[in-house]
>>> print(open('model09.txt').read())   # compact mmCIF, C-alpha atoms and all ligand atoms
# COMPACT_ATOMS: atom_id res chain seq x y z
CA MET Y 1 -36.27 134.09 96.09
CA GLN Y 2 -36.24 137.53 97.70
CA GLY Y 3 -35.70 138.57 101.31
CA VAL Y 4 -38.33 140.83 102.90
CA THR Y 5 -38.44 142.17 106.42
CA GLN Y 6 -41.67 141.83 108.40
CA GLY Y 7 -41.85 143.05 111.99
CA GLY Y 8 -38.08 142.99 112.32
CA GLN Y 9 -37.77 139.37 111.08
CA ALA Y 10 -36.35 138.37 107.74
CA SER Y 11 -38.51 136.00 105.70
CA TYR Y 12 -38.40 134.76 102.12
CA VAL Y 13 -41.13 134.57 99.52
CA ALA Y 14 -41.06 132.30 96.50
CA ASN Y 15 -42.53 134.85 94.11
CA PRO Y 16 -41.28 138.43 94.54
CA TYR Y 17 -43.89 139.71 92.06
CA LEU Y 18 -46.57 139.08 94.69
CA VAL Y 19 -45.08 141.47 97.22
CA ASP Y 20 -43.59 144.10 94.97
CA GLU Y 21 -46.39 146.12 93.34
CA LYS Y 22 -44.00 147.76 90.88
CA ARG Y 23 -42.76 144.40 89.57
CA ARG Y 24 -46.20 142.81 89.32
CA LEU Y 25 -46.82 141.61 85.76
CA VAL Y 26 -49.83 142.99 83.92
CA PRO Y 27 -50.71 140.55 81.11
CA LYS Y 28 -51.34 142.06 77.67
CA MET Y 29 -52.33 140.75 74.25
CA LYS Y 30 -51.37 142.01 70.81
CA ILE Y 31 -52.93 140.71 67.60
CA ASN Y 32 -50.37 140.44 64.77
CA ASN Y 33 -52.44 138.89 62.03
CA ILE Y 34 -56.06 137.88 61.64
CA ASP Y 35 -58.31 136.57 58.89
CA GLN Y 36 -61.45 134.47 58.64
CA ASN Y 37 -59.87 131.33 60.08
CA THR Y 38 -56.40 132.13 61.41
CA LEU Y 39 -55.14 134.28 64.21
CA HIS Y 40 -51.59 135.13 65.29
CA PHE Y 41 -51.35 136.94 68.60
CA GLU Y 42 -48.77 137.67 71.28
CA LEU Y 43 -49.37 137.16 74.98
CA HIS Y 44 -47.13 139.42 77.09
CA ASN Y 45 -46.29 139.53 80.79
CA THR Y 46 -47.50 136.12 81.81
CA ASP Y 47 -45.84 132.78 82.47
CA LEU Y 48 -45.74 129.36 80.86
CA THR Y 49 -48.42 127.87 83.12
CA ILE Y 50 -51.07 130.36 82.00
CA ALA Y 51 -50.05 130.28 78.32
CA ASN Y 52 -50.06 126.48 78.24
CA ALA Y 53 -53.40 126.30 80.08
CA LEU Y 54 -54.86 128.63 77.44
CA ARG Y 55 -53.45 126.49 74.61
CA ARG Y 56 -54.87 123.28 76.08
CA ILE Y 57 -58.30 124.82 76.67
CA ILE Y 58 -58.41 126.15 73.08
CA ILE Y 59 -57.68 122.65 71.72
CA SER Y 60 -59.79 120.53 74.00
CA GLU Y 61 -62.33 122.43 76.07
CA VAL Y 62 -64.10 125.01 73.90
CA PRO Y 63 -67.36 123.27 72.91
CA THR Y 64 -68.66 122.97 69.35
CA MET Y 65 -71.33 120.93 67.54
CA ALA Y 66 -70.36 117.86 65.47
CA ILE Y 67 -72.15 114.94 63.85
CA ASP Y 68 -72.23 112.17 66.43
CA ILE Y 69 -74.82 109.65 65.19
CA VAL Y 70 -75.23 108.48 61.59
CA GLU Y 71 -78.18 106.24 60.71
CA ILE Y 72 -77.63 104.60 57.34
CA GLU Y 73 -80.76 103.55 55.44
CA GLU Y 74 -79.06 102.96 52.12
CA ASN Y 75 -75.41 102.91 51.05
CA THR Y 76 -74.54 101.44 47.68
CA SER Y 77 -71.35 103.52 47.30
CA ALA Y 78 -67.89 101.99 47.05
CA LEU Y 79 -67.07 102.76 50.71
CA HIS Y 80 -68.43 100.86 53.70
CA ASP Y 81 -70.79 102.40 56.28
CA GLU Y 82 -68.29 103.01 59.09
CA PHE Y 83 -65.89 104.85 56.78
CA LEU Y 84 -68.61 107.25 55.59
CA ALA Y 85 -69.95 107.76 59.13
CA HIS Y 86 -66.44 108.75 60.24
CA ARG Y 87 -66.12 111.21 57.31
CA CYS Y 88 -69.46 112.82 58.19
CA GLY Y 89 -68.32 113.23 61.83
CA LEU Y 90 -65.26 115.23 60.76
CA ILE Y 91 -67.20 117.86 58.78
CA PRO Y 92 -67.01 121.10 60.81
CA LEU Y 93 -70.40 122.58 61.70
CA PHE Y 94 -70.88 126.31 62.25
CA SER Y 95 -71.17 126.46 66.05
CA ILE Y 96 -71.32 130.12 67.10
CA ASP Y 97 -74.61 129.36 68.95
CA VAL Y 98 -73.30 126.23 70.67
CA ASP Y 99 -74.01 127.75 74.11
CA ASN Y 100 -77.74 127.59 73.32
CA PHE Y 101 -77.50 123.78 73.33
CA SER Y 102 -77.19 121.36 76.27
CA TYR Y 103 -74.76 118.47 76.44
CA HIS Y 104 -76.73 115.39 75.42
CA ASP Y 105 -76.00 113.40 78.60
CA LYS Y 106 -77.13 116.34 80.79
CA CYS Y 107 -80.29 117.18 78.82
CA GLN Y 108 -83.71 116.70 80.41
CA CYS Y 109 -84.91 114.74 77.38
CA MET Y 110 -83.05 111.74 78.81
CA TYR Y 111 -81.43 110.43 75.63
CA ALA Y 112 -84.41 111.15 73.33
CA ASN Y 113 -82.44 113.69 71.23
CA CYS Y 114 -84.54 116.85 71.55
CA GLU Y 115 -83.90 120.21 69.85
CA LYS Y 116 -82.13 121.49 72.97
CA CYS Y 117 -79.31 118.96 72.68
CA SER Y 118 -79.17 117.95 69.02
CA VAL Y 119 -79.61 119.04 65.41
CA LYS Y 120 -80.92 116.65 62.75
CA PHE Y 121 -79.75 116.53 59.12
CA ASP Y 122 -80.50 114.51 55.99
CA LEU Y 123 -77.98 113.37 53.42
CA ILE Y 124 -79.91 111.88 50.51
CA VAL Y 125 -78.23 111.49 47.11
CA ASN Y 126 -79.17 109.16 44.26
CA ASN Y 127 -76.98 109.39 41.17
CA THR Y 128 -79.17 108.71 38.14
CA GLN Y 129 -76.72 110.20 35.60
CA ASN Y 130 -73.91 108.55 33.70
CA ASP Y 131 -71.32 110.96 35.16
CA ILE Y 132 -69.71 110.59 38.57
CA TYR Y 133 -71.54 112.66 41.22
CA GLU Y 134 -69.40 114.18 43.99
CA VAL Y 135 -71.24 114.10 47.33
CA THR Y 136 -70.07 117.05 49.45
CA SER Y 137 -70.92 118.87 52.65
CA ASN Y 138 -73.34 120.95 50.50
CA ASP Y 139 -75.58 117.84 50.25
CA ILE Y 140 -76.20 117.87 54.01
CA TYR Y 141 -79.48 119.68 54.83
CA PRO Y 142 -80.81 120.47 58.31
CA LYS Y 143 -84.37 119.25 58.99
CA ASN Y 144 -85.09 122.58 60.68
CA PRO Y 145 -84.16 125.31 58.13
CA ASN Y 146 -83.96 127.97 60.87
CA VAL Y 147 -81.14 126.34 62.81
CA SER Y 148 -77.74 128.10 62.64
CA VAL Y 149 -75.76 124.85 63.01
CA VAL Y 150 -74.93 123.91 59.40
CA PRO Y 151 -71.82 122.59 57.60
CA CYS Y 152 -69.23 125.40 57.43
CA LYS Y 153 -68.80 127.33 54.21
CA LEU Y 154 -65.23 128.59 54.23
CA MET Y 155 -63.75 131.56 52.36
CA ASN Y 156 -60.17 131.89 51.17
CA ASN Y 157 -57.95 134.91 51.85
CA LYS Y 158 -59.40 136.74 48.82
CA GLY Y 159 -62.93 136.38 50.22
CA GLU Y 160 -63.93 133.79 47.59
CA PRO Y 161 -65.85 130.67 48.68
CA GLU Y 162 -63.73 127.54 49.05
CA ASP Y 163 -64.78 124.17 47.64
CA PRO Y 164 -67.13 122.19 49.90
CA ILE Y 165 -65.76 119.09 51.66
CA THR Y 166 -65.95 115.93 49.55
CA ILE Y 167 -67.59 112.97 51.30
CA MET Y 168 -67.78 110.42 48.49
CA LYS Y 169 -67.99 110.04 44.70
CA LEU Y 170 -71.00 108.09 43.41
CA GLY Y 171 -71.16 106.17 40.14
CA LYS Y 172 -74.37 105.66 38.12
CA HIS Y 173 -77.24 104.17 40.20
CA GLN Y 174 -75.25 104.41 43.45
CA GLN Y 175 -76.99 106.12 46.35
CA MET Y 176 -76.56 107.32 49.92
CA ASN Y 177 -79.49 107.87 52.27
CA PHE Y 178 -78.32 108.92 55.74
CA ARG Y 179 -79.93 110.53 58.87
CA LEU Y 180 -77.32 112.59 60.75
CA LEU Y 181 -77.50 113.84 64.31
CA ALA Y 182 -75.19 116.58 65.62
CA ARG Y 183 -74.48 117.04 69.32
CA LYS Y 184 -72.50 119.38 71.53
CA GLY Y 185 -69.09 118.19 72.75
CA ILE Y 186 -65.47 119.13 73.44
CA GLY Y 187 -62.18 118.10 71.86
CA ARG Y 188 -61.21 116.08 74.95
CA GLN Y 189 -64.03 113.63 74.10
CA HIS Y 190 -63.16 113.41 70.39
CA ALA Y 191 -61.04 115.55 68.05
CA LYS Y 192 -64.08 116.24 65.83
CA TRP Y 193 -65.34 118.67 68.51
CA SER Y 194 -62.10 120.65 68.66
CA PRO Y 195 -62.66 124.17 67.21
CA VAL Y 196 -59.09 124.31 65.87
CA ALA Y 197 -57.08 122.41 63.29
CA THR Y 198 -53.87 123.68 64.91
CA CYS Y 199 -53.00 125.76 67.95
CA ILE Y 200 -49.28 126.47 68.23
CA MET Y 201 -47.78 128.28 71.20
CA TYR Y 202 -44.09 129.14 71.58
CA LYS Y 203 -41.96 131.44 73.70
CA ASP Y 204 -40.74 134.62 72.03
CA PRO Y 205 -37.23 133.91 70.68
CA ILE Y 206 -34.42 136.37 71.46
CA VAL Y 207 -31.70 136.37 68.80
CA LYS Y 208 -28.51 138.37 69.33
CA ILE Y 209 -25.34 138.44 67.28
CA ASP Y 210 -21.93 139.41 68.56
CA ASP Y 211 -20.73 142.21 66.25
CA ASP Y 212 -17.04 141.56 66.95
CA ARG Y 213 -17.31 137.93 65.98
CA ILE Y 214 -19.85 137.93 63.12
CA ASN Y 215 -19.35 141.34 61.54
CA GLN Y 216 -15.61 141.76 62.12
CA LYS Y 217 -14.07 138.29 62.07
CA LEU Y 218 -16.12 136.64 59.28
CA THR Y 219 -15.38 137.59 55.67
CA LYS Y 220 -18.04 139.32 53.58
CA GLU Y 221 -18.83 136.05 51.76
CA GLN Y 222 -19.10 134.18 55.08
CA ARG Y 223 -21.45 136.85 56.44
CA LYS Y 224 -23.69 136.41 53.40
CA GLU Y 225 -23.63 132.62 53.86
CA PHE Y 226 -24.45 133.12 57.54
CA VAL Y 227 -27.60 135.06 56.54
CA LYS Y 228 -28.57 132.34 54.02
CA CYS Y 229 -28.08 129.47 56.49
CA CYS Y 230 -31.15 130.57 58.49
CA PRO Y 231 -34.20 128.76 57.08
CA ARG Y 232 -36.56 131.33 58.63
CA LYS Y 233 -34.89 134.45 57.21
CA VAL Y 234 -34.25 135.97 60.64
CA PHE Y 235 -31.11 137.82 59.48
CA ASN Y 236 -30.51 140.45 56.82
CA PHE Y 237 -27.27 141.50 55.15
CA ASP Y 238 -27.07 145.29 54.89
CA GLU Y 239 -25.07 145.92 51.71
CA LEU Y 240 -24.46 149.59 52.54
CA LYS Y 241 -23.15 149.02 56.05
CA ASN Y 242 -21.68 145.64 55.05
CA VAL Y 243 -23.02 143.99 58.23
CA VAL Y 244 -25.40 141.25 59.33
CA GLU Y 245 -28.48 142.46 61.23
CA VAL Y 246 -31.23 140.65 63.12
CA GLU Y 247 -34.36 141.51 61.15
CA SER Y 248 -37.21 139.30 62.42
CA ALA Y 249 -36.26 137.45 65.59
CA ASP Y 250 -39.88 136.37 66.13
CA LYS Y 251 -39.64 134.03 63.11
CA CYS Y 252 -36.85 131.96 64.72
CA ASN Y 253 -37.78 128.34 65.39
CA LEU Y 254 -34.68 127.58 67.48
CA CYS Y 255 -33.21 125.21 64.87
CA ASN Y 256 -29.62 126.22 65.83
CA GLU Y 257 -28.40 126.30 62.19
CA CYS Y 258 -26.87 129.76 62.70
CA TYR Y 259 -25.15 128.59 65.87
CA SER Y 260 -23.64 125.57 64.02
CA PHE Y 261 -22.50 127.84 61.17
CA ALA Y 262 -20.78 130.24 63.57
CA ARG Y 263 -19.13 127.35 65.43
CA THR Y 264 -17.80 125.67 62.27
CA HIS Y 265 -16.31 129.03 61.25
CA GLY Y 266 -14.50 129.39 64.57
CA GLN Y 267 -16.97 131.90 66.12
CA GLU Y 268 -18.71 129.72 68.66
CA LYS Y 269 -20.05 132.62 70.72
CA GLY Y 270 -21.00 134.72 67.69
CA VAL Y 271 -24.73 134.13 68.08
CA HIS Y 272 -26.91 133.81 71.18
CA ILE Y 273 -30.37 132.28 70.96
CA THR Y 274 -32.55 132.39 74.07
CA GLU Y 275 -36.27 132.64 74.85
CA ASN Y 276 -38.34 135.24 76.63
CA ASP Y 277 -40.05 133.44 79.55
CA THR Y 278 -42.86 135.99 79.82
CA MET Y 279 -43.93 136.45 76.20
CA PHE Y 280 -45.62 133.87 73.97
CA HIS Y 281 -46.72 133.65 70.35
CA PHE Y 282 -49.97 131.85 69.51
CA ILE Y 283 -50.91 130.73 66.00
CA ILE Y 284 -54.46 129.42 65.75
CA GLU Y 285 -56.05 127.89 62.69
CA GLY Y 286 -59.77 127.34 63.19
CA THR Y 287 -61.87 124.64 61.53
CA GLY Y 288 -64.53 127.24 60.66
CA ALA Y 289 -66.83 126.12 63.48
CA ILE Y 290 -66.16 129.30 65.53
CA PRO Y 291 -64.22 132.46 64.45
CA PRO Y 292 -60.69 132.37 65.95
CA VAL Y 293 -61.07 135.51 68.11
CA GLU Y 294 -64.26 134.05 69.59
CA ILE Y 295 -62.41 130.77 70.32
CA VAL Y 296 -59.81 132.69 72.36
CA LYS Y 297 -62.49 134.71 74.18
CA ARG Y 298 -64.36 131.52 75.11
CA ALA Y 299 -61.12 129.82 76.20
CA PHE Y 300 -60.31 132.74 78.54
CA LYS Y 301 -63.82 132.50 79.99
CA ILE Y 302 -63.33 128.78 80.69
CA LEU Y 303 -59.90 129.43 82.25
CA LYS Y 304 -61.41 132.15 84.47
CA THR Y 305 -64.21 129.81 85.61
CA LYS Y 306 -61.67 127.10 86.47
CA ILE Y 307 -59.57 129.53 88.55
CA ASN Y 308 -62.66 130.89 90.32
CA ASN Y 309 -63.81 127.32 91.15
CA LEU Y 310 -60.36 126.46 92.44
CA SER Y 311 -60.28 129.61 94.55
CA SER Y 312 -63.71 128.97 96.12
CA ASP Y 313 -62.78 125.31 96.78
CA LEU Y 314 -59.64 126.49 98.52
CA MET Y 315 -61.61 128.96 100.69
CA GLU Y 316 -64.11 126.21 101.62
CA SER Y 317 -61.31 123.85 102.49
CA ILE Y 318 -59.57 126.50 104.66
CA LYS Y 319 -62.89 127.23 106.42
CA GLY Y 320 -63.41 123.50 107.08
CA ASN Y 321 -59.93 123.11 108.55
CA VAL Y 322 -60.31 126.20 110.74
CA ASN Y 323 -63.64 124.87 112.10
CA GLN Y 324 -62.10 121.45 112.80
CA MET Y 325 -59.27 123.05 114.72
CA GLY Y 326 -61.86 124.97 116.77
CA PHE Y 327 -60.64 128.51 116.07
S1 LIG Y 401 -31.91 129.24 65.38
FE1 LIG Y 401 -32.49 128.67 63.26
S2 LIG Y 401 -34.30 129.90 62.85
FE2 LIG Y 401 -33.35 130.79 64.65
S3 LIG Y 401 -32.04 132.41 63.88
FE3 LIG Y 401 -30.77 130.58 64.02
S4 LIG Y 401 -30.89 129.64 62.03
FE4 LIG Y 401 -32.56 131.09 62.13
ZN ZN Y 402 -82.26 116.74 74.76
>>> encode(input="model09.txt", output="structure tokens")
Amino acid sequence: MQGVTQGGQASYVANPYLVDEKRRLVPKMKINNIDQNTLHFELHNTDLTIANALRRIIISEVPTMAIDIVEIEENTSALHDEFLAHRCGLIPLFSIDVDNFSYHDKCQCMYANCEKCSVKFDLIVNNTQNDIYEVTSNDIYPKNPNVSVVPCKLMNNKGEPEDPITIMKLGKHQQMNFRLLARKGIGRQHAKWSPVATCIMYKDPIVKIDDDRINQKLTKEQRKEFVKCCPRKVFNFDELKNVVEVESADKCNLCNECYSFARTHGQEKGVHITENDTMFHFIIEGTGAIPPVEIVKRAFKILKTKINNLSSDLMESIKGNVNQMGF
């Protein structure tokens, strides 16, 4: 709370950032690490409400395509139909063009499954050999070869292709003959539509050590043990200076091991662990459906639309109330 004077009267505002231009926060992003499917970025100068809204939208509101209907003509494999249908649903489909599709329940085709709201695939395998045949996501073929929505082909960090996703192993004379239908959806309906495998968000940790207590009162051996007790390697022991230093505070996961160590060695206030309320770390691991940077861009767009809708609703509601009151 902060006091401000308006027209000679003192009044208080809940958020001083709104009235003090110099203290107004300007959000910023910094990318720390990026590859084909993972992204680690920092979000600065914002608060928990915005960061958490972004996290929730990334997980459950960025649309993708996923297999939603499986028609089974033949299944003589060792697994029953429902099990295989569920496995097919969880195969990520490359969904960069998902915005070109309509949601099935809002499409003008009225549940007929047209090309605007769905993509059709075949999965037909008949094992005629003596060896086991491994049915994978590579056996799923779109009926329309020009469509961009296909099972994801992932690359590892070295740029080499990863193994396709195994669906089932077929013995001799076993076969699978499936029609698959992919539709647009969001993770809130079913996890198979979520574009991410994980989306972690945490406040930036602040780790400080008290020199007098850790570097003066602990013995050299104890200082080395103190460094080792941190499972995240936040501290470093500088052999030349003979002191403990904080090396990578951002790796801290707030486990409190260092605090317990200091306390059991009589230096309770030797280490201070707090969090920065205006800076957040995000670690996103995509499923391959949409590149991670694109996921974040789309999530921001959704968040912006929500805020704009809320703002126009509020203006409408204020207008309605003013009219009712006859101003
Ligand atoms: S709280 Fe845990 S992770 Fe963080 S610095 Fe201490 S020991 Fe390391
Ligand atoms: Zn349709």
>>> residues_near_ligand(input="model09.txt", ligand="ligand LIG 401 (chain Y)", cutoff="6 Å", atoms="all atoms listed in the file", output="ChimeraX atom specification")
/Y:230-232,234,252-258
>>> closest_atom_pairs(input="model09.txt", of="stretch 233-313 of chain Y", to="stretch 21-43 of chain Y", cutoff="10 Å", atoms="all atoms listed in the file", output="tab-separated table")
residue	atom	partner	partner_atom	distance
Y:Thr278	CA	Y:Leu43	CA	8.2
Y:Met279	CA	Y:Leu43	CA	5.6
Y:Phe280	CA	Y:Leu43	CA	5.1
Y:His281	CA	Y:Glu42	CA	4.6
Y:Phe282	CA	Y:Phe41	CA	5.4
Y:Ile283	CA	Y:His40	CA	4.5
Y:Ile284	CA	Y:Leu39	CA	5.1
Y:Glu285	CA	Y:Thr38	CA	4.4
Y:Gly286	CA	Y:Asn37	CA	5.1
Y:Thr287	CA	Y:Asn37	CA	7.1
Y:Gly288	CA	Y:Asn37	CA	6.2
Y:Ala289	CA	Y:Asn37	CA	9.3
Y:Ile290	CA	Y:Asn37	CA	8.6
Y:Pro291	CA	Y:Asn37	CA	6.3
Y:Pro292	CA	Y:Asn37	CA	6.0
Y:Val293	CA	Y:Leu39	CA	7.2
Y:Val296	CA	Y:Leu39	CA	9.5
>>> closest_atom_pairs(input="model09.txt", of="chain Y", to="ligand ZN 402 (chain Y)", cutoff="8 Å", atoms="all atoms listed in the file", output="Markdown table")
| residue | atom | partner | partner_atom | distance |
| --- | --- | --- | --- | --- |
| Y:Ser102 | CA | Y:ZN402 | ZN | 7.0 |
| Y:Tyr103 | CA | Y:ZN402 | ZN | 7.9 |
| Y:His104 | CA | Y:ZN402 | ZN | 5.7 |
| Y:Lys106 | CA | Y:ZN402 | ZN | 7.9 |
| Y:Cys107 | CA | Y:ZN402 | ZN | 4.5 |
| Y:Gln108 | CA | Y:ZN402 | ZN | 5.8 |
| Y:Cys109 | CA | Y:ZN402 | ZN | 4.2 |
| Y:Met110 | CA | Y:ZN402 | ZN | 6.5 |
| Y:Tyr111 | CA | Y:ZN402 | ZN | 6.4 |
| Y:Ala112 | CA | Y:ZN402 | ZN | 6.2 |
| Y:Asn113 | CA | Y:ZN402 | ZN | 4.7 |
| Y:Cys114 | CA | Y:ZN402 | ZN | 3.9 |
| Y:Glu115 | CA | Y:ZN402 | ZN | 6.2 |
| Y:Lys116 | CA | Y:ZN402 | ZN | 5.1 |
| Y:Cys117 | CA | Y:ZN402 | ZN | 4.2 |
| Y:Ser118 | CA | Y:ZN402 | ZN | 6.6 |
>>> residues_around(input="model09.txt", residues="Y:Lys306", least_positions_apart="6", cutoff="12 Å", atoms="only C-alpha atoms", output="list in words")
Ile50, Ala53, Leu54, Ile57, Glu61, Ala299, Phe300, Ser312 and Asp313 of chain Y
>>> residues_around(input="model09.txt", residues="stretch 163-180 of chain Y", least_positions_apart="4", cutoff="7 Å", atoms="only C-alpha atoms", output="VMD selection string")
chain Y and resid 67 69 to 77 87 120 to 138 153
>>> axis_aligned_box(input="model09.txt", around="stretch 164-178 of chain Y", padding_each_side="5 Å", output="JSON")
{"center_x": -72.6, "center_y": 113.2, "center_z": 46.9, "size_x": 23.7, "size_y": 28.0, "size_z": 27.6}
>>> atom_distance(input="model09.txt", atom1="atom CA of Y:Gly187", atom2="atom CA of Y:Asp277")
28.0 Å
>>> atom_distance(input="model09.txt", atom1="atom CA of Y:Glu162", atom2="atom CA of Y:Lys192")
20.2 Å
>>> closest_residue(input="model09.txt", among="Y:Phe226, Y:His265, Y:Met201, Y:Phe235", to="Y:Arg55", atoms="only C-alpha atoms")
Y:Met201
>>> atom_distance(input="model09.txt", atom1="atom CA of Y:Tyr259", atom2="atom CA of Y:Ile209")
10.0 Å
